[in-house]
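I have placed the structure first, in the form of structure tokens, so that the comments after it can refer back to it.
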Amino acid sequence: MTRSPRRRVGEGEVLPHRSSTRVPVRTVGLTQRRPLKAIQELRRLSEDISGEAKEGAAKPQLQITQSGSSAFFQAGGMTFAVRLVDAQFPPYSQVIPQQSEKLVRVPRAVFMDALRAVSVAASERTGGVKLGLTKGTMRITTESPDSGEGFDEVPIEYAGPNMTVGFNAKYFLDVLGALDEDEVELGFGGELDPAVLKPAGARQFLAVVMPMRI
């Protein structure tokens with residue numbers, strides 16, 4: 001076996017190597033808690049590997065394995081090692097709504113631009129904005145003693161009853177910025193219930209954004 005020197009990157013290590021030894025593997029269910037910096041670096045490396053794939057060739061497959069407190073991600077001749085987080089997460093699954101009574105479909109980029117524009121006038125302490133839903137339109141508003149008022153409207157697919165819910169705009173922007181789909185789907189319950197955000201389409205991704213009183 002030959003292996004090139006290791007290069008440490010953020011919370012993980014990049015281990016480019018070639019190996020003439022094959023070992024048996026088995027597939028199991030796996031739950032991991034990974035540092036955010038490691039996830040960001042893994043995403044960058046995955047994009048680089050996909051970009052280097054020859055046109056017409058099969059897309060590289062990502063293989064994930066775990067040994068002790070480390071996880072290993074292998075693709076395109078590259079192995080990325082991550083030291084896992086040794087911590088007990090709260091029972092987050094309990095706050096994920098099992099179903100949403102009100103469903104909204106909205107263009108992701110347009111939603112992001114409107115949130116950014118309106119949040120300029122939001123309170124620096126809370127970043128709070130209100131999302132007002134009516135048939136076909138989402139009205140985003142905010143006001144603060146220091147910055148004044150801000151509002152914008154976004155076209156949406158929605159046919160439910162009128163409602164208004166308050167959120168921290170930054171939380172929505174963080175999730176929307178991690179996606180690249182053209183449209184996203186929002187699920188709402190009541191005015192004090194968590195919102196569910198996921199990309200429109202087949203991608204398996206789900207984020208929960210907690211509401212706030214404004």
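A note on labels: chains of the structure tokens are A, B, ... as shown, every chain counts residues from 1, and ligands are counted from 1 in their shown order.
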
(request) Write out as a ChimeraX atom specification each polymer residue whose atoms come within 12 Å of Gln61 of chain A, counting only C-alpha atoms; drop sequence neighbours fewer than 2 positions from it. (result) /A:46,49-50,53,57-59,63-64,73-78

(request) Write down as a PyMOL selection string the residues belonging to segment 94-172 of chain A that are assigned alpha helix (DSSP H) by DSSP computed on the backbone. (result) chain A and resi 108-119+169-172

(message) Could you check the closest approach to Thr164 of chain A for each of A:Ile140, A:Leu133, A:Ala200, A:Val184 and tell me which residue wins, using only C-alpha atoms?
(response)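 Distance minimum relative to Thr164 of chain A lands on A:Leu133.
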
(message) When you count only C-alpha atoms, which of these residues is closest to Ser70 of chain A: A:Asp146, A:Glu153, A:Asp182, A:Asp86?
(response) A:Asp86

(request) Return the single residue from A:Asp113, A:Glu157, A:Asp48, A:Asp174 that is closest to Thr134 of chain A, with distances computed using only C-alpha atoms. (result)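 Distance minimum relative to Thr134 of chain A lands on A:Glu157.
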